[in-house]
Structures are given as structure tokens and as C-alpha cells.
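Printed here is work_28.cif (mmCIF, C-alpha atoms):
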data_target
#
loop_
_atom_site.label_atom_id
_atom_site.label_comp_id
_atom_site.auth_asym_id
_atom_site.auth_seq_id
_atom_site.Cartn_x
_atom_site.Cartn_y
_atom_site.Cartn_z
CA MET A 1 -19.79 56.81 9.74
CA ALA A 2 -20.46 57.97 6.19
CA ARG A 3 -23.68 59.71 5.43
CA ARG A 4 -26.05 58.26 2.89
CA THR A 5 -26.21 59.86 -0.49
CA PRO A 6 -29.53 61.65 -0.93
CA ASN A 7 -31.91 60.53 -3.65
CA ILE A 8 -30.98 62.60 -6.68
CA ASN A 9 -34.00 61.65 -8.80
CA PRO A 10 -36.95 63.15 -6.98
CA SER A 11 -39.47 61.40 -9.24
CA ARG A 12 -38.38 58.00 -7.94
CA PRO A 13 -38.61 57.49 -4.16
CA SER A 14 -35.92 55.47 -2.35
CA ARG A 15 -36.60 52.05 -0.92
CA SER A 16 -36.89 53.33 2.62
CA GLU A 17 -39.30 56.00 1.50
CA ARG A 18 -41.46 53.44 -0.32
CA SER A 19 -41.69 51.03 2.61
CA GLY A 20 -41.89 53.59 5.30
CA ARG A 21 -39.12 51.85 7.21
CA PRO A 22 -35.48 52.78 7.47
CA ASP A 23 -33.15 50.99 5.01
CA ARG A 24 -31.36 48.13 6.85
CA ARG A 25 -28.79 46.09 5.08
CA GLY A 26 -27.76 42.59 6.28
CA PHE A 27 -28.48 38.87 6.11
CA THR A 28 -31.77 37.29 6.97
CA LEU A 29 -31.98 34.08 8.97
CA ALA A 30 -32.87 32.08 5.85
CA GLU A 31 -29.83 33.40 3.98
CA SER A 32 -27.60 32.49 6.91
CA LEU A 33 -29.01 28.95 7.06
CA ILE A 34 -28.50 28.44 3.33
CA ALA A 35 -24.92 29.68 3.57
CA SER A 36 -24.29 27.33 6.52
CA VAL A 37 -25.65 24.32 4.63
CA VAL A 38 -23.51 25.10 1.57
CA LEU A 39 -20.42 25.51 3.76
CA ALA A 40 -21.14 22.24 5.61
CA MET A 41 -21.48 20.35 2.31
CA ALA A 42 -18.14 21.76 1.12
CA VAL A 43 -16.41 20.73 4.37
CA VAL A 44 -17.83 17.20 4.15
CA ALA A 45 -16.68 16.88 0.53
CA VAL A 46 -13.15 18.05 1.35
CA GLY A 47 -13.02 15.80 4.43
CA GLY A 48 -14.10 12.78 2.37
CA SER A 49 -11.41 13.47 -0.20
CA LEU A 50 -8.75 13.78 2.49
CA SER A 51 -9.87 10.52 4.09
CA ALA A 52 -9.72 8.67 0.76
CA ALA A 53 -6.26 10.11 0.05
CA TYR A 54 -5.04 8.99 3.49
CA GLN A 55 -6.33 5.45 3.00
CA GLN A 56 -4.73 5.27 -0.45
CA SER A 57 -1.45 6.47 1.02
CA GLN A 58 -1.59 3.76 3.70
CA THR A 59 -2.26 1.08 1.06
CA VAL A 60 0.70 2.23 -1.03
CA ASP A 61 2.93 2.26 2.07
CA ARG A 62 1.92 -1.31 3.00
CA SER A 63 2.47 -2.48 -0.59
CA ALA A 64 5.94 -0.90 -0.58
CA ARG A 65 6.78 -2.70 2.66
CA CYS A 66 5.55 -5.99 1.18
CA LEU A 67 7.80 -5.44 -1.83
CA ALA A 68 10.79 -4.70 0.42
CA TYR A 69 10.20 -7.86 2.48
CA ALA A 70 9.84 -9.94 -0.69
CA ARG A 71 13.07 -8.52 -2.13
CA ASP A 72 14.93 -9.21 1.09
CA LEU A 73 13.81 -12.84 1.17
CA ILE A 74 14.48 -13.52 -2.49
CA GLU A 75 17.98 -12.03 -2.15
CA GLU A 76 18.58 -14.22 0.90
CA ILE A 77 17.45 -17.31 -1.04
CA LEU A 78 19.56 -16.51 -4.09
CA ALA A 79 22.64 -16.01 -1.92
CA ARG A 80 22.48 -19.73 -0.98
CA PRO A 81 24.07 -22.48 -3.08
CA TYR A 82 21.94 -24.28 -5.67
CA VAL A 83 22.66 -27.73 -4.25
CA ASP A 84 22.93 -28.92 -0.66
CA PRO A 85 26.57 -28.56 0.42
CA ASN A 86 26.34 -31.70 2.58
CA SER A 87 24.81 -34.13 0.08
CA GLY A 88 25.55 -32.42 -3.25
CA ALA A 89 21.95 -32.89 -4.38
CA THR A 90 18.96 -30.61 -4.80
CA SER A 91 16.37 -30.73 -2.04
CA GLN A 92 12.63 -30.05 -1.90
CA GLY A 93 12.54 -28.47 1.53
CA PRO A 94 14.54 -28.41 4.74
CA ASP A 95 15.59 -31.49 6.66
CA PRO A 96 13.53 -31.27 9.88
CA LEU A 97 16.33 -32.75 12.00
CA THR A 98 19.30 -30.67 10.86
CA GLU A 99 17.49 -27.55 9.55
CA PRO A 100 14.72 -26.76 12.06
CA ASN A 101 14.38 -23.09 11.06
CA ARG A 102 15.49 -20.51 8.52
CA ASN A 103 18.80 -19.87 10.31
CA PHE A 104 19.96 -23.36 9.31
CA PHE A 105 18.86 -23.34 5.63
CA ASP A 106 21.96 -24.01 3.52
CA ASN A 107 20.61 -24.17 -0.07
CA ILE A 108 17.77 -22.70 -2.11
CA GLY A 109 15.69 -25.88 -1.96
CA ASP A 110 15.40 -25.57 1.82
CA TYR A 111 13.15 -22.53 1.35
CA ASN A 112 10.51 -24.55 -0.51
CA GLY A 113 7.32 -24.29 1.54
CA TYR A 114 8.73 -21.60 3.87
CA LEU A 115 5.98 -19.48 5.47
CA ALA A 116 6.30 -16.87 8.21
CA THR A 117 4.03 -14.26 9.78
CA PHE A 118 5.41 -11.28 11.66
CA ASN A 119 4.41 -7.89 13.00
CA PRO A 120 7.12 -5.23 12.44
CA GLY A 121 5.46 -2.77 14.83
CA ASP A 122 3.24 -0.81 12.46
CA GLY A 123 0.07 -2.57 13.65
CA PHE A 124 -0.22 -4.99 10.72
CA ARG A 125 0.64 -8.68 10.36
CA TYR A 126 2.70 -9.46 7.28
CA THR A 127 2.87 -12.94 5.77
CA VAL A 128 5.80 -14.02 3.63
CA GLY A 129 6.15 -17.35 1.85
CA ALA A 130 8.51 -18.99 -0.60
CA ALA A 131 8.31 -21.82 -3.10
CA VAL A 132 11.09 -23.45 -5.12
CA ALA A 133 10.17 -25.53 -8.17
CA TYR A 134 12.93 -27.36 -10.02
CA ARG A 135 12.74 -27.69 -13.82
CA SER A 136 14.65 -29.60 -16.50
CA THR A 137 14.44 -26.67 -18.92
CA PRO A 138 13.80 -22.98 -18.23
CA GLY A 139 10.22 -23.15 -19.52
CA GLY A 140 9.57 -26.76 -18.54
CA VAL A 141 7.22 -28.18 -15.97
CA ALA A 142 8.14 -28.69 -12.34
CA ALA A 143 10.28 -31.75 -11.63
CA PRO A 144 11.80 -33.30 -8.49
CA THR A 145 15.24 -32.21 -9.65
CA GLY A 146 16.72 -30.24 -12.50
CA ASP A 147 19.24 -27.70 -13.67
CA PHE A 148 16.80 -24.79 -13.25
CA ALA A 149 14.71 -23.61 -10.33
CA LEU A 150 11.87 -21.11 -10.24
CA VAL A 151 11.97 -19.27 -6.91
CA THR A 152 8.69 -17.55 -6.00
CA VAL A 153 8.31 -15.26 -2.97
CA THR A 154 4.91 -13.88 -1.98
CA THR A 155 4.21 -11.31 0.74
CA SER A 156 0.84 -10.03 1.87
CA VAL A 157 -0.78 -7.81 4.46
CA PRO A 158 -4.48 -7.14 5.09
CA GLY A 159 -5.72 -4.07 3.26
CA ALA A 160 -3.17 -4.17 0.43
CA PRO A 161 -2.61 -6.33 -2.63
CA SER A 162 -0.11 -9.15 -2.23
CA VAL A 163 3.30 -8.90 -3.88
CA THR A 164 4.83 -11.85 -5.75
CA LEU A 165 8.40 -11.96 -7.06
CA CYS A 166 9.73 -14.78 -9.25
CA ARG A 167 13.30 -15.51 -10.25
CA LEU A 168 14.57 -18.29 -12.48
CA VAL A 169 17.99 -19.56 -11.39
CA SER A 170 20.23 -22.20 -12.89
CA ARG A 171 22.79 -24.63 -11.64
CA PHE A 172 26.33 -23.68 -12.56
CA LYS A 173 28.12 -26.62 -14.11
CA THR A 174 31.81 -26.86 -14.72
CA THR A 175 32.97 -29.03 -17.57
#

Would it be possible to restate this file's structure as C-alpha cells?
Amino acid sequence: MARRTPNINPSRPSRSERSGRPDRRGFTLAESLIASVVLAMAVVAVGGSLSAAYQQSQTVDRSARCLAYARDLIEEILARPYVDPNSGATSQGPDPLTEPNRNFFDNIGDYNGYLATFNPGDGFRYTVGAAVAYRSTPGGVAAPTGDFALVTVTTSVPGAPSVTLCRLVSRFKTT
């Protein structure tokens, strides 16, 4: 252990000589408590930030899944014919006798009013719905039949904003 340097200025006594006690260096209990409180506050602040970042990450992940489910459904709808292949007309929903579920839908109008809820295994219940509104003109109001259809698909999950996709489709006419 290194020896202490002697007091070079004899006119000024050292601290230990002034107090009459040996010079002890270290932390007092009060200094230790203050340091502990400051450290605890820093840990709580960092922990809160990490928790908020995790929750935000989960929300973004659920929103991305909602978008993927909406894209899948809208692609499935748009892959169907515009008119019913059996009757040759547009429809405003499935026929309950011949099209009891989505597996039997054969045109885009059958998806009007479709609503499903499912749990893909991540602990959340997703809801997906579709609406088909026929129009006479692209910007016109909804009509029972028309050459244009606005297909709207909405997906939602608790804890994330819902996702809505819209696509305007038209009937292909041959002259």
C-alpha cells in the first residue's frame, strides 16, 4: 500500500491533524442512499421506455397482420367473377340454400355482408368483414345493380386500429 505524501506546507495543517482523527476516505450512508435513489429512478425510467416500445411493437405487429388478412380477402373477392355464373346477374349476398358458407361463394356479390371472427393462435381474435356496393357510375351512389362495384374489406383486432381496404371494380362488357 502506498504511503501518504507528507504535508509539505508546514504552516497549513492537514485535515487529519486539524480534526485529530485519522483521514478516512469513503462514502457515508447518506451518500449511498442518494446514489441508490438516483440509480433506482434511472432503472424505472429505462424500464418504462422499454415497456412502451414493446407495446408499440405489438400494436404494429397486429396492424400488419390485419392488413395481410384484409389483402388476402380482397384478393379472394376480386378473383371471383363480377356476375353470378349461374344466373348471369349481380347479387347482393349469397344464396342461403346453395351458398351456405364462403367455400361456395361464386361471385363478388356473394361476399356482401360477409363477417368472420377467428383466432390464428397469437392470443388475439381478429374480425374480418366485407361489403360490396354496386354503382351505376364510378363515383355514383349505391344501387341494387350496376356496372361498377365498390368492394370494402375491414379487419380489426383489440388493441390496434382497424384496417380498411377499398377497391372499385367494373363489369367487363364485350360489344

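Residues of protein, DNA or RNA having at least one counted atom within 12 Å of (9.0, -27.1, -18.1), given only C-alpha atoms, are A:Ala133, A:Tyr134, A:Arg135, A:Ser136, A:Thr137, A:Pro138, A:Gly139, A:Gly140, A:Val141, A:Ala142, A:Ala143, A:Pro144, A:Thr145, A:Gly146, A:Asp147, A:Phe148, A:Ala149, A:Leu150, A:Leu168.
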
Review point. Any idea what's packed within 12 Å of Thr98 in chain A, counting only C-alpha atoms, ignoring anything in its chain fewer than 6 positions away? Could you give it as a list in words?
Key: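 Listing them by chain and then by number gives Asn86, Phe104, Phe105, Asp106 and Asp110 of chain A.
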
Review point. Selected by the PyMOL selection byres ((chain A and resi 153) around 7) in the shown coordinates: which residues, as a list in words?
Key: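 Applied to this file, the PyMOL selection byres ((chain A and resi 153) around 7) returns Ala70, Ile74, Gly129, Ala130, Ala131, Val151, Thr152, Thr154, Thr155, Thr164, Leu165 and Cys166 of chain A.
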
Revision key, fill the gap. One decimal place gives the CA of Pro81 in chain A-CA of Pro100 in chain A separation as 18.3 Å

Check your understanding: Quick one: distance from CA of Asp122 in chain A to CA of Glu76 in chain A in Å, one decimal?
Key ->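 If I compute the distance from CA of Asp122 in chain A to CA of Glu76 in chain A, I get 23.4 Å.
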
Check your understanding: Hey, which of A:Ala116, A:Phe27, A:Asn107, A:Ala40 ends up closest to Ser87 in chain A? Count all atoms listed in the file.
Key ->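 Looking only at the distances to Ser87 in chain A, the closest residue turns out to be A:Asn107.
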
From the structure just shown, export range 21-144 of chain A with C-alpha atoms as a compact mmCIF listing (two decimals), in the first residue's frame.
# COMPACT_ATOMS: atom_id res chain seq x y z
CA ARG A 21 -8.70 11.86 13.72
CA PRO A 22 -7.05 9.81 11.04
CA ASP A 23 -8.05 10.70 7.44
CA ARG A 24 -10.62 8.14 6.20
CA ARG A 25 -11.89 8.31 2.70
CA GLY A 26 -15.19 6.66 1.62
CA PHE A 27 -18.94 7.09 1.27
CA THR A 28 -21.27 7.97 4.08
CA LEU A 29 -24.62 6.27 4.50
CA ALA A 30 -26.45 9.36 3.23
CA GLU A 31 -24.34 9.46 0.06
CA SER A 32 -25.04 5.78 -0.55
CA LEU A 33 -28.79 6.28 -0.13
CA ILE A 34 -28.82 9.21 -2.53
CA ALA A 35 -26.87 7.23 -5.11
CA SER A 36 -29.30 4.30 -4.71
CA VAL A 37 -32.34 6.55 -5.22
CA VAL A 38 -30.82 8.12 -8.36
CA LEU A 39 -29.98 4.68 -9.74
CA ALA A 40 -33.50 3.36 -8.99
CA MET A 41 -35.08 6.33 -10.78
CA ALA A 42 -32.88 5.70 -13.84
CA VAL A 43 -33.83 2.00 -13.90
CA VAL A 44 -37.54 2.82 -13.65
CA ALA A 45 -37.25 5.34 -16.49
CA VAL A 46 -35.45 2.87 -18.75
CA GLY A 47 -37.91 0.10 -17.85
CA GLY A 48 -40.87 2.35 -18.68
CA SER A 49 -39.38 3.21 -22.05
CA LEU A 50 -38.77 -0.45 -22.86
CA SER A 51 -42.33 -1.34 -21.88
CA ALA A 52 -43.77 1.41 -24.10
CA ALA A 53 -41.57 0.30 -27.00
CA TYR A 54 -42.73 -3.31 -26.58
CA GLN A 55 -46.40 -2.32 -26.56
CA GLN A 56 -45.90 -0.17 -29.66
CA SER A 57 -44.17 -3.08 -31.38
CA GLN A 58 -47.10 -5.38 -30.57
CA THR A 59 -49.59 -2.83 -31.94
CA VAL A 60 -47.64 -2.51 -35.19
CA ASP A 61 -47.44 -6.31 -35.50
CA ARG A 62 -51.21 -6.69 -35.03
CA SER A 63 -51.89 -3.90 -37.54
CA ALA A 64 -49.61 -5.63 -40.07
CA ARG A 65 -51.50 -8.90 -39.57
CA CYS A 66 -54.81 -7.08 -40.06
CA LEU A 67 -53.50 -5.62 -43.30
CA ALA A 68 -52.36 -9.05 -44.51
CA TYR A 69 -55.76 -10.61 -43.73
CA ALA A 70 -57.56 -7.75 -45.49
CA ARG A 71 -55.34 -8.10 -48.57
CA ASP A 72 -55.93 -11.84 -48.68
CA LEU A 73 -59.70 -11.43 -48.55
CA ILE A 74 -59.86 -8.64 -51.10
CA GLU A 75 -57.71 -10.67 -53.50
CA GLU A 76 -60.01 -13.65 -52.99
CA ILE A 77 -63.06 -11.49 -53.73
CA LEU A 78 -61.53 -9.91 -56.83
CA ALA A 79 -60.61 -13.33 -58.21
CA ARG A 80 -64.34 -14.16 -58.47
CA PRO A 81 -66.48 -13.23 -61.48
CA TYR A 82 -68.43 -9.96 -61.42
CA VAL A 83 -71.76 -11.64 -62.11
CA ASP A 84 -73.21 -14.89 -60.83
CA PRO A 85 -72.19 -17.67 -63.24
CA ASN A 86 -75.50 -19.48 -62.71
CA SER A 87 -77.95 -16.62 -63.24
CA GLY A 88 -75.81 -14.09 -65.12
CA ALA A 89 -76.92 -11.29 -62.78
CA THR A 90 -75.30 -9.36 -59.97
CA SER A 91 -76.24 -10.42 -56.45
CA GLN A 92 -76.39 -8.63 -53.11
CA GLY A 93 -75.21 -11.50 -50.95
CA PRO A 94 -75.03 -15.27 -51.01
CA ASP A 95 -77.98 -17.54 -51.65
CA PRO A 96 -78.53 -19.26 -48.27
CA LEU A 97 -79.57 -22.55 -49.89
CA THR A 98 -76.80 -23.02 -52.46
CA GLU A 99 -74.03 -20.89 -50.87
CA PRO A 100 -74.10 -21.63 -47.12
CA ASN A 101 -70.51 -20.50 -46.48
CA ARG A 102 -67.52 -18.81 -48.08
CA ASN A 103 -66.36 -22.01 -49.80
CA PHE A 104 -69.41 -21.84 -52.08
CA PHE A 105 -69.27 -18.11 -52.99
CA ASP A 106 -69.05 -17.87 -56.79
CA ASN A 107 -69.15 -14.11 -57.49
CA ILE A 108 -68.12 -10.87 -55.79
CA GLY A 109 -71.67 -10.02 -54.72
CA ASP A 110 -71.80 -13.13 -52.52
CA TYR A 111 -69.28 -11.50 -50.17
CA ASN A 112 -71.63 -8.61 -49.36
CA GLY A 113 -72.25 -8.76 -45.62
CA TYR A 114 -69.56 -11.41 -45.00
CA LEU A 115 -68.25 -11.34 -41.42
CA ALA A 116 -65.91 -13.79 -39.71
CA THR A 117 -64.01 -13.93 -36.43
CA PHE A 118 -61.00 -16.17 -35.94
CA ASN A 119 -58.04 -16.73 -33.65
CA PRO A 120 -54.83 -17.55 -35.57
CA GLY A 121 -53.03 -18.71 -32.43
CA ASP A 122 -51.36 -15.49 -31.30
CA GLY A 123 -53.87 -14.96 -28.46
CA PHE A 124 -55.99 -12.34 -30.25
CA ARG A 125 -59.37 -12.56 -32.00
CA TYR A 126 -59.39 -10.98 -35.44
CA THR A 127 -62.58 -9.85 -37.15
CA VAL A 128 -62.80 -9.52 -40.91
CA GLY A 129 -65.79 -8.25 -42.86
CA ALA A 130 -66.64 -7.38 -46.44
CA ALA A 131 -69.20 -5.20 -48.18
CA VAL A 132 -69.99 -4.90 -51.89
CA ALA A 133 -71.92 -1.86 -53.13
CA TYR A 134 -72.92 -1.72 -56.78
CA ARG A 135 -72.91 1.64 -58.60
CA SER A 136 -74.11 2.93 -61.97
CA THR A 137 -71.07 5.21 -62.32
CA PRO A 138 -67.69 5.02 -60.58
CA GLY A 139 -68.49 7.94 -58.27
CA GLY A 140 -72.23 7.34 -58.08
CA VAL A 141 -74.36 6.29 -55.17
CA ALA A 142 -75.02 2.68 -54.25
CA ALA A 143 -77.60 0.90 -56.39
CA PRO A 144 -79.09 -2.61 -56.46
